[in-house]
Structures are given as C-alpha cells and as structure tokens.
>>> print(open('structure_33.cif').read())   # mmCIF, C-alpha atoms
data_protein
#
loop_
_atom_site.label_atom_id
_atom_site.label_comp_id
_atom_site.auth_asym_id
_atom_site.auth_seq_id
_atom_site.Cartn_x
_atom_site.Cartn_y
_atom_site.Cartn_z
CA MET A 272 97.44 134.14 86.64
CA THR A 273 98.55 137.71 87.28
CA HIS A 274 97.38 139.70 90.28
CA ASN A 275 95.09 141.80 88.08
CA GLU A 276 93.40 138.69 86.72
CA ARG A 277 92.59 137.35 90.21
CA VAL A 278 89.34 139.24 90.71
CA TRP A 279 86.41 137.64 92.52
CA PRO A 280 83.31 137.76 90.31
CA GLY A 281 80.48 139.71 91.95
CA ASP A 282 80.00 141.03 95.45
CA ASP A 283 78.76 137.87 97.15
CA ALA A 284 79.63 134.17 97.21
CA THR A 285 77.22 132.93 94.57
CA ARG A 286 80.00 132.88 91.96
CA LEU A 287 83.14 130.89 92.71
CA PRO A 288 86.30 131.61 90.66
CA TYR A 289 88.12 128.50 89.53
CA TRP A 290 91.59 129.99 90.04
CA ILE A 291 91.28 129.50 93.81
CA TYR A 292 91.87 125.76 93.32
CA SER A 293 95.15 125.88 91.40
CA ASP A 294 96.89 129.23 91.87
CA PRO A 295 100.18 128.73 93.82
CA ASP A 296 100.16 132.30 95.18
CA ILE A 297 96.66 131.81 96.57
CA TYR A 298 97.78 128.55 98.16
CA GLN A 299 100.70 130.24 99.94
CA ARG A 300 98.39 132.99 101.16
CA GLU A 301 96.02 130.31 102.55
CA MET A 302 98.85 128.67 104.47
CA SER A 303 99.82 131.99 106.03
CA ARG A 304 96.45 133.65 106.63
CA ILE A 305 94.29 130.63 107.36
CA PHE A 306 96.37 127.76 108.72
CA ARG A 307 98.79 130.00 110.62
CA GLY A 308 96.19 132.63 111.44
CA SER A 309 94.08 133.11 114.55
CA ILE A 310 92.55 129.63 114.41
CA TRP A 311 92.41 126.34 116.26
CA ALA A 312 93.52 123.41 114.08
CA TYR A 313 92.81 119.80 114.96
CA ALA A 314 95.98 117.86 115.82
CA ALA A 315 95.21 114.63 117.72
CA ILE A 316 93.03 112.89 120.29
CA GLU A 317 94.33 112.26 123.78
CA ALA A 318 93.78 108.53 123.35
CA GLU A 319 96.68 108.52 120.86
CA ILE A 320 99.14 109.85 123.44
CA PRO A 321 97.95 108.48 126.80
CA GLU A 322 101.33 108.13 128.56
CA PRO A 323 104.16 110.59 129.29
CA GLY A 324 106.52 110.64 126.31
CA ASP A 325 103.86 109.49 123.85
CA PHE A 326 103.89 111.60 120.71
CA ARG A 327 102.45 111.83 117.23
CA VAL A 328 103.51 113.89 114.24
CA THR A 329 100.89 115.72 112.21
CA ARG A 330 100.69 118.55 109.69
CA ILE A 331 98.95 121.87 110.13
CA GLY A 332 98.69 123.38 106.67
CA ASP A 333 102.14 122.96 105.16
CA ARG A 334 104.01 122.68 108.50
CA SER A 335 105.02 119.48 110.31
CA VAL A 336 104.13 119.56 114.01
CA ILE A 337 104.95 117.28 116.96
CA VAL A 338 102.27 116.75 119.62
CA ILE A 339 103.53 115.11 122.83
CA ARG A 340 102.52 114.44 126.42
CA ASP A 341 105.36 115.62 128.67
CA GLU A 342 106.61 114.06 131.89
CA HIS A 343 103.98 115.98 133.89
CA GLY A 344 101.11 114.80 131.68
CA VAL A 345 100.75 118.17 129.91
CA ILE A 346 100.11 118.04 126.16
CA ARG A 347 102.48 120.26 124.20
CA ALA A 348 103.10 120.98 120.53
CA PHE A 349 106.06 122.37 118.64
CA VAL A 350 107.37 122.73 115.12
CA ASN A 351 109.10 119.60 113.81
CA ARG A 352 112.43 121.12 112.85
CA CYS A 353 115.76 121.44 114.61
CA ALA A 354 116.62 124.96 115.79
CA HIS A 355 120.19 124.48 114.56
CA ARG A 356 119.93 124.03 110.77
CA GLY A 357 116.24 123.42 110.17
CA VAL A 358 116.46 119.65 109.70
CA LYS A 359 113.23 117.69 110.24
CA LEU A 360 113.62 116.41 113.76
CA CYS A 361 111.24 113.46 114.00
CA ARG A 362 110.61 111.08 111.11
CA GLN A 363 108.26 108.66 112.89
CA GLN A 364 104.49 109.10 112.78
CA ARG A 365 104.09 108.19 116.45
CA GLY A 366 105.98 106.65 119.34
CA ASN A 367 107.30 107.29 122.83
CA THR A 368 110.49 109.12 123.73
CA ARG A 369 112.21 111.21 126.38
CA PHE A 370 114.25 113.17 123.86
CA PHE A 371 114.10 114.09 120.19
CA VAL A 372 117.56 113.91 118.64
CA CYS A 373 118.34 115.63 115.35
CA PRO A 374 119.77 113.13 112.83
CA TYR A 375 122.23 115.71 111.46
CA HIS A 376 124.27 117.08 114.41
CA GLN A 377 122.50 115.32 117.29
CA TRP A 378 121.11 118.35 119.04
CA SER A 379 118.54 116.94 121.49
CA TYR A 380 115.30 118.34 122.88
CA ASP A 381 113.06 117.21 125.72
CA ALA A 382 109.28 116.76 125.73
CA GLN A 383 108.81 120.46 126.40
CA GLY A 384 110.82 121.40 123.34
CA ARG A 385 113.79 122.66 125.37
CA LEU A 386 117.28 122.22 123.96
CA LYS A 387 119.11 119.86 126.31
CA GLY A 388 122.17 118.61 124.46
CA VAL A 389 124.65 120.11 121.98
CA PRO A 390 127.58 117.86 120.99
CA PHE A 391 131.00 119.55 121.34
CA ILE A 392 129.42 122.59 122.97
CA LYS A 393 132.76 123.26 124.71
CA GLY A 394 134.83 122.22 121.70
CA VAL A 395 137.41 119.45 121.46
CA LYS A 396 140.76 119.80 123.19
CA GLN A 397 140.08 123.48 123.80
CA MET A 398 139.38 124.05 120.11
CA GLY A 399 136.11 125.21 118.60
CA GLY A 400 132.82 124.94 120.44
CA MET A 401 130.03 127.42 120.90
CA PRO A 402 130.78 131.01 121.92
CA ASP A 403 130.61 131.86 125.63
CA ASP A 404 127.30 133.70 125.26
CA PHE A 405 125.52 130.70 123.70
CA ARG A 406 122.50 129.79 125.87
CA ARG A 407 120.52 126.58 125.36
CA GLU A 408 117.30 128.27 126.47
CA ASP A 409 117.50 130.59 123.47
CA HIS A 410 117.38 127.70 121.01
CA GLY A 411 114.34 125.62 121.89
CA LEU A 412 111.75 124.40 119.41
CA PRO A 413 109.09 126.94 118.36
CA THR A 414 106.01 126.10 120.41
CA LEU A 415 102.35 126.22 119.46
CA ALA A 416 99.36 127.12 121.60
CA VAL A 417 97.42 124.03 122.74
CA THR A 418 93.85 123.54 123.90
CA VAL A 419 92.14 120.26 124.75
CA ARG A 420 88.36 119.85 124.62
CA ASN A 421 86.95 116.59 125.99
CA GLY A 422 89.81 114.48 124.67
CA VAL A 423 90.41 116.32 121.38
CA VAL A 424 93.63 118.30 120.92
CA PHE A 425 93.75 121.54 118.92
CA VAL A 426 96.83 123.69 118.28
CA SER A 427 97.50 127.15 116.89
CA PHE A 428 100.51 128.99 115.49
CA HIS A 429 98.89 132.24 116.63
CA GLU A 430 100.13 133.77 119.88
CA SER A 431 96.65 134.54 121.22
CA PRO A 432 93.92 132.50 119.51
CA PRO A 433 90.37 133.00 120.85
CA PRO A 434 88.95 130.75 123.58
CA PHE A 435 87.79 127.51 121.97
CA PRO A 436 84.09 127.87 122.91
CA GLU A 437 84.09 131.35 121.39
CA TYR A 438 85.89 130.01 118.31
CA LEU A 439 83.25 127.36 117.63
CA GLY A 440 80.19 129.37 118.61
CA GLU A 441 77.23 128.18 120.64
CA THR A 442 75.56 125.83 118.13
CA ASN A 443 78.71 124.17 116.83
CA LEU A 444 80.09 123.79 120.35
CA ARG A 445 76.89 122.05 121.44
CA TYR A 446 77.14 119.52 118.63
CA PHE A 447 80.87 119.06 119.20
CA ASP A 448 80.16 118.28 122.86
CA ARG A 449 77.36 115.96 121.79
CA VAL A 450 79.97 113.52 120.41
CA PHE A 451 82.84 114.55 122.70
CA ASP A 452 80.82 114.58 125.89
CA GLY A 453 83.61 113.97 128.38
CA ARG A 454 83.74 110.19 128.15
CA LYS A 455 87.24 108.87 127.47
CA LEU A 456 87.78 108.07 123.82
CA ARG A 457 89.03 104.73 122.47
CA LEU A 458 91.19 104.78 119.35
CA LEU A 459 89.92 102.21 116.84
CA GLY A 460 92.17 102.76 113.86
CA TYR A 461 93.37 104.90 110.98
CA SER A 462 92.91 105.29 107.27
CA ARG A 463 94.49 107.85 104.97
CA GLN A 464 94.48 108.75 101.32
CA LEU A 465 96.05 111.20 98.89
CA ILE A 466 93.39 112.98 96.83
CA PRO A 467 94.43 114.86 93.65
CA GLY A 468 92.37 117.96 94.36
CA ASN A 469 92.48 121.25 96.24
CA TRP A 470 91.83 120.93 99.99
CA LYS A 471 88.84 123.31 99.83
CA LEU A 472 86.97 120.90 97.57
CA MET A 473 86.76 118.46 100.49
CA PHE A 474 85.33 121.13 102.77
CA GLU A 475 82.87 122.12 100.05
CA ASN A 476 81.84 118.48 99.67
CA ILE A 477 80.94 118.09 103.35
CA LYS A 478 79.14 121.46 103.37
CA ASP A 479 77.15 120.40 100.28
CA PRO A 480 74.08 118.28 101.06
CA TYR A 481 72.73 118.93 97.54
CA HIS A 482 74.93 116.15 96.13
CA ALA A 483 74.37 113.55 98.85
CA SER A 484 71.29 111.81 97.45
CA LEU A 485 72.46 112.23 93.83
CA LEU A 486 76.10 111.15 93.87
CA HIS A 487 75.85 108.66 96.75
CA VAL A 488 73.40 106.14 95.34
CA PHE A 489 74.30 103.75 98.17
CA LEU A 490 72.72 106.15 100.68
CA VAL A 491 69.39 106.23 98.86
CA THR A 492 69.39 102.57 97.90
CA PHE A 493 69.65 101.47 101.52
CA GLY A 494 67.72 104.32 103.11
CA LEU A 495 70.58 106.04 104.95
CA PHE A 496 69.90 109.44 103.43
CA ARG A 497 67.41 111.00 101.09
CA ALA A 498 66.61 114.57 100.14
CA ASP A 499 63.08 114.54 101.57
CA GLN A 500 63.88 113.34 105.07
CA LYS A 501 63.96 115.54 108.16
CA SER A 502 67.20 117.54 108.08
CA GLN A 503 68.83 120.91 108.65
CA VAL A 504 71.93 122.94 107.83
CA ARG A 505 73.33 125.11 110.62
CA MET A 506 76.33 127.43 110.82
CA ASP A 507 78.17 129.63 113.28
CA ALA A 508 77.98 133.42 113.01
CA THR A 509 81.24 133.66 111.03
CA GLY A 510 80.42 131.03 108.41
CA MET A 511 83.63 129.15 109.22
CA HIS A 512 82.00 126.07 110.73
CA ALA A 513 78.87 124.21 109.67
CA LEU A 514 76.62 121.28 110.55
CA LEU A 515 74.66 118.96 108.29
CA ILE A 516 72.14 117.16 110.48
CA SER A 517 69.67 114.54 109.27
CA GLN A 518 67.32 111.95 110.68
CA ARG A 519 66.74 108.63 108.99
CA GLY A 520 63.07 108.21 108.11
CA GLU A 521 60.91 105.21 108.79
CA ALA A 522 60.59 104.31 105.13
CA GLY A 523 63.72 102.73 103.72
CA LYS A 524 63.86 104.43 100.33
CA SER A 525 63.06 107.77 98.82
CA THR A 526 59.69 108.30 97.18
CA ASP A 527 61.27 110.67 94.63
CA THR A 528 64.13 109.09 92.70
CA ALA A 529 63.50 110.55 89.26
CA ASP A 530 66.67 112.69 89.36
CA ILE A 531 68.96 109.80 90.32
CA SER A 532 70.10 108.42 86.99
CA ASN A 533 72.06 105.38 88.19
CA LEU A 534 69.85 104.19 91.04
CA ARG A 535 69.66 100.37 91.40
CA GLU A 536 66.80 99.51 93.70
CA ASP A 537 67.38 95.76 93.30
CA PHE A 538 70.68 95.83 95.20
CA THR A 539 70.83 93.96 98.51
CA LEU A 540 73.54 93.47 101.13
CA GLU A 541 75.24 90.17 101.77
CA ASP A 542 75.62 91.22 105.41
CA PRO A 543 72.70 93.41 106.58
CA ARG A 544 74.55 94.05 109.86
CA LEU A 545 76.35 96.83 108.00
CA LEU A 546 73.18 98.86 108.45
CA ASP A 547 72.08 98.06 112.00
CA PRO A 548 72.48 101.42 113.78
CA VAL A 549 71.29 101.83 117.33
CA ARG A 550 70.40 105.10 119.00
CA GLU A 551 73.10 106.37 121.36
CA TYR A 552 72.52 110.13 121.67
CA SER A 553 69.64 112.02 123.25
CA ASP A 554 68.41 113.49 119.94
CA ASP A 555 67.06 111.75 116.83
CA ALA A 556 69.89 112.70 114.45
CA THR A 557 71.33 109.66 112.70
CA VAL A 558 73.91 111.61 110.66
CA VAL A 559 75.80 114.71 111.78
CA MET A 560 78.65 115.99 109.64
CA GLN A 561 80.48 118.94 111.21
CA THR A 562 83.13 121.01 109.45
CA ILE A 563 85.48 122.96 111.71
CA TRP A 564 87.67 125.59 110.04
CA PRO A 565 90.29 125.06 108.79
CA ASN A 566 91.15 121.35 108.81
CA LEU A 567 88.60 119.09 110.52
CA ILE A 568 85.48 117.10 109.72
CA VAL A 569 83.71 115.43 112.65
CA GLN A 570 81.69 112.51 111.32
CA GLN A 571 78.83 110.63 112.91
CA GLN A 572 77.21 108.32 110.36
CA SER A 573 74.92 105.95 112.23
CA ASN A 574 77.31 104.57 114.89
CA THR A 575 80.62 105.01 113.10
CA LEU A 576 82.59 107.95 114.48
CA ALA A 577 85.60 109.52 112.83
CA LEU A 578 87.71 112.64 112.68
CA ARG A 579 88.86 113.55 109.18
CA GLN A 580 91.88 115.84 109.07
CA LEU A 581 92.79 117.78 105.94
CA GLN A 582 96.53 118.08 105.25
CA PRO A 583 97.19 120.21 102.14
CA ARG A 584 100.05 119.05 99.90
CA GLY A 585 100.13 121.94 97.45
CA PRO A 586 97.41 123.69 95.49
CA GLU A 587 96.21 120.53 93.75
CA SER A 588 96.43 117.71 96.28
CA PHE A 589 95.78 116.96 99.93
CA GLU A 590 95.96 114.05 102.33
CA LEU A 591 92.81 113.05 104.15
CA HIS A 592 93.60 111.38 107.46
CA TRP A 593 90.79 109.41 109.11
CA THR A 594 90.91 108.63 112.83
CA PHE A 595 88.17 106.20 113.89
CA PHE A 596 87.17 106.13 117.53
CA GLY A 597 84.61 105.03 120.04
CA TYR A 598 84.26 105.39 123.79
CA GLU A 599 86.20 103.60 126.49
CA ASP A 600 82.97 102.25 127.99
CA ASP A 601 81.73 100.73 124.69
CA ASP A 602 81.04 97.01 124.94
CA GLU A 603 82.41 94.58 122.36
CA THR A 604 79.17 94.58 120.37
CA MET A 605 79.23 98.36 119.93
CA THR A 606 82.93 98.39 119.02
CA ARG A 607 82.34 95.79 116.30
CA ARG A 608 79.34 97.75 115.07
CA ARG A 609 81.42 100.91 114.78
CA LEU A 610 84.17 99.09 112.90
CA ARG A 611 81.71 97.36 110.58
CA GLN A 612 79.97 100.62 109.74
CA ALA A 613 83.35 102.23 109.05
CA ASN A 614 83.13 100.41 105.72
CA LEU A 615 80.65 103.12 104.72
CA MET A 616 82.91 106.08 105.43
CA SER A 617 86.67 105.63 105.00
CA SER A 618 89.29 106.06 102.29
CA ALA A 619 87.75 103.10 100.42
CA GLY A 620 84.26 103.45 101.88
CA LEU A 621 81.15 102.32 100.03
CA VAL A 622 79.93 105.93 100.22
CA SER A 623 82.97 108.19 100.56
CA ALA A 624 84.91 106.67 97.65
CA ASP A 625 82.47 108.61 95.45
CA ASP A 626 83.71 111.89 96.93
CA SER A 627 87.38 111.15 96.23
CA GLU A 628 86.66 110.48 92.57
CA VAL A 629 84.43 113.51 92.04
CA ILE A 630 86.94 115.83 93.75
CA LYS A 631 89.57 114.66 91.27
CA LEU A 632 87.16 115.39 88.42
CA ALA A 633 86.41 118.84 89.87
CA GLN A 634 90.13 119.63 90.00
CA ASP A 635 90.59 118.48 86.42
CA GLY A 636 87.75 120.66 85.19
CA THR A 637 88.57 123.84 87.09
CA ARG A 638 92.30 123.65 86.29
CA GLU A 639 91.59 123.89 82.59
CA HIS A 640 89.41 127.00 82.96
CA PRO A 641 90.99 129.25 85.64
CA LYS A 642 89.30 132.41 84.35
CA ASP A 643 85.81 130.94 84.63
CA ALA A 644 83.60 130.60 87.72
CA GLY A 645 81.11 128.17 89.21
CA VAL A 646 77.59 128.88 90.44
CA LEU A 647 76.34 128.57 94.05
CA LEU A 648 72.63 129.38 93.81
CA MET A 649 70.89 126.25 95.11
CA GLY A 650 68.62 127.37 97.93
CA GLY A 651 68.97 131.05 97.03
CA ARG A 652 71.66 133.58 97.78
CA ASP A 653 71.64 133.76 101.57
CA THR A 654 73.97 132.19 104.13
CA GLU A 655 71.42 131.44 106.85
CA ASP A 656 70.50 128.21 108.61
CA VAL A 657 67.82 126.23 106.78
CA PRO A 658 65.54 123.31 107.78
CA HIS A 659 66.34 121.21 104.70
CA MET A 660 69.30 120.04 102.63
CA VAL A 661 68.50 121.19 99.11
CA THR A 662 70.87 124.12 99.50
CA GLU A 663 74.42 125.42 99.06
CA ALA A 664 74.11 127.93 101.91
CA ALA A 665 76.96 126.45 103.96
CA ILE A 666 79.37 126.67 101.03
CA ARG A 667 78.36 130.29 100.43
CA ALA A 668 78.92 131.07 104.13
CA PHE A 669 82.35 129.45 104.01
CA TYR A 670 83.44 131.57 101.06
CA VAL A 671 82.12 134.79 102.55
CA ARG A 672 84.52 134.18 105.46
CA TYR A 673 87.26 132.92 103.12
CA ARG A 674 87.18 136.16 101.12
CA GLU A 675 87.43 138.23 104.30
CA VAL A 676 90.43 136.32 105.66
CA MET A 677 92.18 136.18 102.29
CA GLU A 678 91.29 139.80 101.40
CA LEU A 679 90.07 138.82 97.95
#
>>> encode(input="structure_33.cif", output="structure tokens")
Amino acid sequence: MTHNERVWPGDDATRLPYWIYSDPDIYQREMSRIFRGSIWAYAAIEAEIPEPGDFRVTRIGDRSVIVIRDEHGVIRAFVNRCAHRGVKLCRQQRGNTRFFVCPYHQWSYDAQGRLKGVPFIKGVKQMGGMPDDFRREDHGLPTLAVTVRNGVVFVSFHESPPPFPEYLGETNLRYFDRVFDGRKLRLLGYSRQLIPGNWKLMFENIKDPYHASLLHVFLVTFGLFRADQKSQVRMDATGMHALLISQRGEAGKSTDTADISNLREDFTLEDPRLLDPVREYSDDATVVMQTIWPNLIVQQQSNTLALRQLQPRGPESFELHWTFFGYEDDDETMTRRRLRQANLMSSAGLVSADDSEVIKLAQDGTREHPKDAGVLLMGGRDTEDVPHMVTEAAIRAFYVRYREVMEL
C-alpha cells in the first residue's frame, strides 16, 4: 500500500485497519518505534543463567541479543553481532562461556561485551596489523539496559527507559509481583512454535476474553472458564499492558451454552488429574493472563505458570517461545501438577492450539483485504477497566497506545 492509502479509519480504536498485519513498512516502523523504543522487553529468567558465564540468546523484535551473567554475578545484555564485520557472534541458544569468539576472524569478547582479543593486531613479521590508534575499548559489543524484577530479566535498547515499576503501573505491577513474589524460580522446560500470523494478533488474542468461551470449547466443557463467571479486565493508564482475571465457579459448566456451536458436553477425561488445581495465592483468581508491552504474556492457568515471549519474524509470522516455571520450594507433587497442567497451555496445548489455528486464519483473511477494517465494539467504545469479560476494551486500549507510538 502507498503512504496515502495507510489511513486509520475513524478517530478511535473501534475500527482496525487490516493493513497493519501485512504491510512491510509498518512492520519496520514497529521494530524501530516499539521494540527499540523506550520500553522494557522480556529477555530471560535468572533461573536460566544461575552461574557466572551462563548465557542465553534471545530476540527482541528483529534483533538477536545475548543475555549473560558475568564473572561478578551481574546480568548483562548486548547485541549478538561482532563489532568487526557484523557477523552473528553466538549461534548457540544457551550455554556457559568465558569468551564469545567470532567465527569469521576470531575477535573475542568477554562476559561484559568488551573486546579482548584481535588476531594479528600487531601484524605478522612487521607487516599489516591494526593502526597505532586502534583501541580495543572502542570496539566492544553494543550493550542494552538491563533490569531484573524478582527473577525476571528485562532489557531495553533505549538509553534511559523508565523505572520498571513506573513502566508497568500500579495494578499491573501488583499482579506481576503476585506471581513473581521474590521466591526463587525453578525452570521446568520450554516449548516453541512458529505461527503464520502477525505478532499483534497474539497480543490481541490474550487481550480478548470475548472469544475464550466460544473458541475454547475445552474450557467450557470442563468448567475452567465460562462467560458468566466472576471476572474482570484491568489495564494500566497507557493501555500498553492488560490483565484478564477470572475465578472458577463452583458449578462445573456454563448454564448458557446456546452460542457455542460445537460444544460436546459428553466428553470426559481419561486422567482427571489434569484438572486438579489447588489454591496457592492469597486471592481467589484461578486464571490471570497478563500482557506486558511489547513482547510478553505472563500466564497463570490453574497451577501451570509460563512466560510466553513474542519474537516477530516479519510482518506475517512470529515465534512464540514458552518458558514453563515453578518455584524452588515446590514439592514434587506440585511440580508434577504444574507439568501435567502444561498440557492445557503450550504449543500443542488442549486449549492454546485453538489460538494458533485461528491466528493463521485471521492472517489469511486480513491479507486478502488490506483496505478493509475490522470492528472492535464488544462492550462499547471505551477503554476502561470492566468487571466482566464480554468486552474488547483491552484491545481498544492497546491500539490507542499503538497509534500514538506509531504516529498513525
């Protein structure tokens, strides 16, 4: 589409133009203004890099980033490319090292990103070599800002991102600290998938409780979620972050299933232990789904806990990386419960597999009609917190902020 054709329909966020999901220029602007803007992006949990020299490689937007614990125990992050010729420095997903060595010309860097070794820096037999004014300290790896909150590592390309509590806002910070309460985390495992859809469709999906009891028949069939149970949608003041909070009712199934076309109420589980949640937090919420701009979903579904990281791979695909975790003081019974319940929410989960398929269908439909727009009117036109889940308020709030940042 041309620049003149990229006009947002209307003055609010109740109409959503389909070109935002496929336009390559919009995607590049997102990478620059959102993922490399004044934000905090999720990168890792401390439990993944417990010892000095432990590292993991992740992606923030379209940039590869190394997160490492240095010899002093400080967590650092830097761009995964050699300062010499731009070659990708580290090709492993995780490991332990004292130095990163470029595979091309063997320039080496320490755990603080400092250039330590340059082969033939003085030349060979008094021939060649670097000029006399070459200084190693001028050629380190570009570093990122790092903040750690109760075992969760966030990074930023911005020189002066806001303090993390200010970034999340009071309500979202309280629910973040509800799960990440200071106890040491235990890494339980990973899952990842490539979804043929725009990364924003995943954020929309988690901010969209309207679909939960319609698309996810498993939730209604086995009483995990229904539209009439006690619930709420809450946001921060900017609209960037949101919370979907619900409490499982006493009755197992919904009393109103007329709108669920493919409901099978005769289904039973071979292993009912899949649905044996126990209360572990001070409140009554059994499901809390938190979206943190721009790349993180914090998931508590019953007792399974996960961080879902969005890694865009172009306008029409993204990787969804799941990191499952518990607490270091969990007993064996709780750990097995968390792992068993992870079958609900994972790349092949009994519930979340629905989302992957419908995101692909959404991409297919919007791609074919870039000049058209969708409708976001469920629950009205506002972007305020509401004490129910029959609403699209959180999606509207997200796109109000999106338009501001993107200047659309």
>>> residues_around(input="structure_33.cif", residues="A:Val338", least_positions_apart="5", cutoff="6 Å", atoms="all atoms listed in the file", output="list in words")
Phe326, Arg327, Arg347 and Ala348 of chain A
>>> write_last_selection(input="structure_33.cif", atoms="C-alpha atoms", output="PDB file, keeping the file's coordinate frame")
ATOM      1  CA  PHE A 326     103.890 111.600 120.710  1.00  0.00           C
ATOM      2  CA  ARG A 327     102.450 111.830 117.230  1.00  0.00           C
ATOM      3  CA  ARG A 347     102.480 120.260 124.200  1.00  0.00           C
ATOM      4  CA  ALA A 348     103.100 120.980 120.530  1.00  0.00           C
TER       5      ALA A 348
END
>>> resolve_selection(input="structure_33.cif", expression="the PyMOL selection byres ((chain A and resi 405-412) around 6)", output="NGL selection string")
:A and (354 or 384-386 or 402-404 or 413)
>>> resolve_selection(input="structure_33.cif", expression="the PyMOL selection byres ((chain A and resi 673) around 10)", output="number ranges by chain")
A: 284, 301, 304-305, 509-511, 667-672, 674-679
>>> closest_residue(input="structure_33.cif", among="A:His355, A:Arg652, A:Lys642, A:His659", to="A:Ile291", atoms="all atoms listed in the file")
A:Lys642
>>> residues_around(input="structure_33.cif", residues="stretch 329-336 of chain A", least_positions_apart="6", cutoff="7 Å", atoms="only C-alpha atoms", output="PyMOL selection string")
chain A and resi 302+306+312+314+348-351+582-584
>>> residues_near_point(input="structure_33.cif", point="(74.4, 139.8, 96.6)", cutoff="12 Å", atoms="all atoms listed in the file", output="short mmCIF file (atom, residue, chain, number, x, y, z; two decimals) with C-alpha atoms, keeping the file's coordinate frame")
data_model
loop_
_atom_site.label_atom_id
_atom_site.label_comp_id
_atom_site.auth_asym_id
_atom_site.auth_seq_id
_atom_site.Cartn_x
_atom_site.Cartn_y
_atom_site.Cartn_z
CA PRO A 280 83.31 137.76 90.31
CA GLY A 281 80.48 139.71 91.95
CA ASP A 282 80.00 141.03 95.45
CA ASP A 283 78.76 137.87 97.15
CA ALA A 284 79.63 134.17 97.21
CA THR A 285 77.22 132.93 94.57
CA ARG A 286 80.00 132.88 91.96
CA LEU A 647 76.34 128.57 94.05
CA LEU A 648 72.63 129.38 93.81
CA GLY A 651 68.97 131.05 97.03
CA ARG A 652 71.66 133.58 97.78
CA ASP A 653 71.64 133.76 101.57
CA THR A 654 73.97 132.19 104.13
CA ARG A 667 78.36 130.29 100.43
CA VAL A 671 82.12 134.79 102.55
#
>>> residues_around(input="structure_33.cif", residues="A:Thr594", least_positions_apart="2", cutoff="12 Å", atoms="only C-alpha atoms", output="PyMOL selection string")
chain A and resi 313-316+318-319+423+456-463+567-570+575-581+591-592+596-597+610+613+616-618
>>> closest_residue(input="structure_33.cif", among="A:Phe538, A:Val558, A:Leu546, A:Arg300", to="A:Arg519", atoms="all atoms listed in the file")
A:Val558
>>> residues_around(input="structure_33.cif", residues="stretch 472-486 of chain A", least_positions_apart="5", cutoff="9 Å", atoms="only C-alpha atoms", output="MDAnalysis selection string")
chainID A and resid 292 491 496:498 504 513:515 528 530:534 560:562 564:568 581 591 625:627 629:630 633:634 649 660:666 669
>>> write_last_selection(input="structure_33.cif", atoms="C-alpha atoms", output="short mmCIF file (atom, residue, chain, number, x, y, z; two decimals), in the coordinates of the input")
data_model
loop_
_atom_site.label_atom_id
_atom_site.label_comp_id
_atom_site.auth_asym_id
_atom_site.auth_seq_id
_atom_site.Cartn_x
_atom_site.Cartn_y
_atom_site.Cartn_z
CA TYR A 292 91.87 125.76 93.32
CA VAL A 491 69.39 106.23 98.86
CA PHE A 496 69.90 109.44 103.43
CA ARG A 497 67.41 111.00 101.09
CA ALA A 498 66.61 114.57 100.14
CA VAL A 504 71.93 122.94 107.83
CA ALA A 513 78.87 124.21 109.67
CA LEU A 514 76.62 121.28 110.55
CA LEU A 515 74.66 118.96 108.29
CA THR A 528 64.13 109.09 92.70
CA ASP A 530 66.67 112.69 89.36
CA ILE A 531 68.96 109.80 90.32
CA SER A 532 70.10 108.42 86.99
CA ASN A 533 72.06 105.38 88.19
CA LEU A 534 69.85 104.19 91.04
CA MET A 560 78.65 115.99 109.64
CA GLN A 561 80.48 118.94 111.21
CA THR A 562 83.13 121.01 109.45
CA TRP A 564 87.67 125.59 110.04
CA PRO A 565 90.29 125.06 108.79
CA ASN A 566 91.15 121.35 108.81
CA LEU A 567 88.60 119.09 110.52
CA ILE A 568 85.48 117.10 109.72
CA LEU A 581 92.79 117.78 105.94
CA LEU A 591 92.81 113.05 104.15
CA ASP A 625 82.47 108.61 95.45
CA ASP A 626 83.71 111.89 96.93
CA SER A 627 87.38 111.15 96.23
CA VAL A 629 84.43 113.51 92.04
CA ILE A 630 86.94 115.83 93.75
CA ALA A 633 86.41 118.84 89.87
CA GLN A 634 90.13 119.63 90.00
CA MET A 649 70.89 126.25 95.11
CA MET A 660 69.30 120.04 102.63
CA VAL A 661 68.50 121.19 99.11
CA THR A 662 70.87 124.12 99.50
CA GLU A 663 74.42 125.42 99.06
CA ALA A 664 74.11 127.93 101.91
CA ALA A 665 76.96 126.45 103.96
CA ILE A 666 79.37 126.67 101.03
CA PHE A 669 82.35 129.45 104.01
#
>>> atom_distance(input="structure_33.cif", atom1="atom CA of A:Arg362", atom2="atom CA of A:Glu590")
17.3 Å
>>> residues_around(input="structure_33.cif", residues="A:Ser588", least_positions_apart="5", cutoff="9 Å", atoms="all atoms listed in the file", output="MDAnalysis selection string")
chainID A and resid 465:470 582:583
>>> atom_distance(input="structure_33.cif", atom1="atom CA of A:Pro434", atom2="atom CA of A:Leu415")
14.7 Å
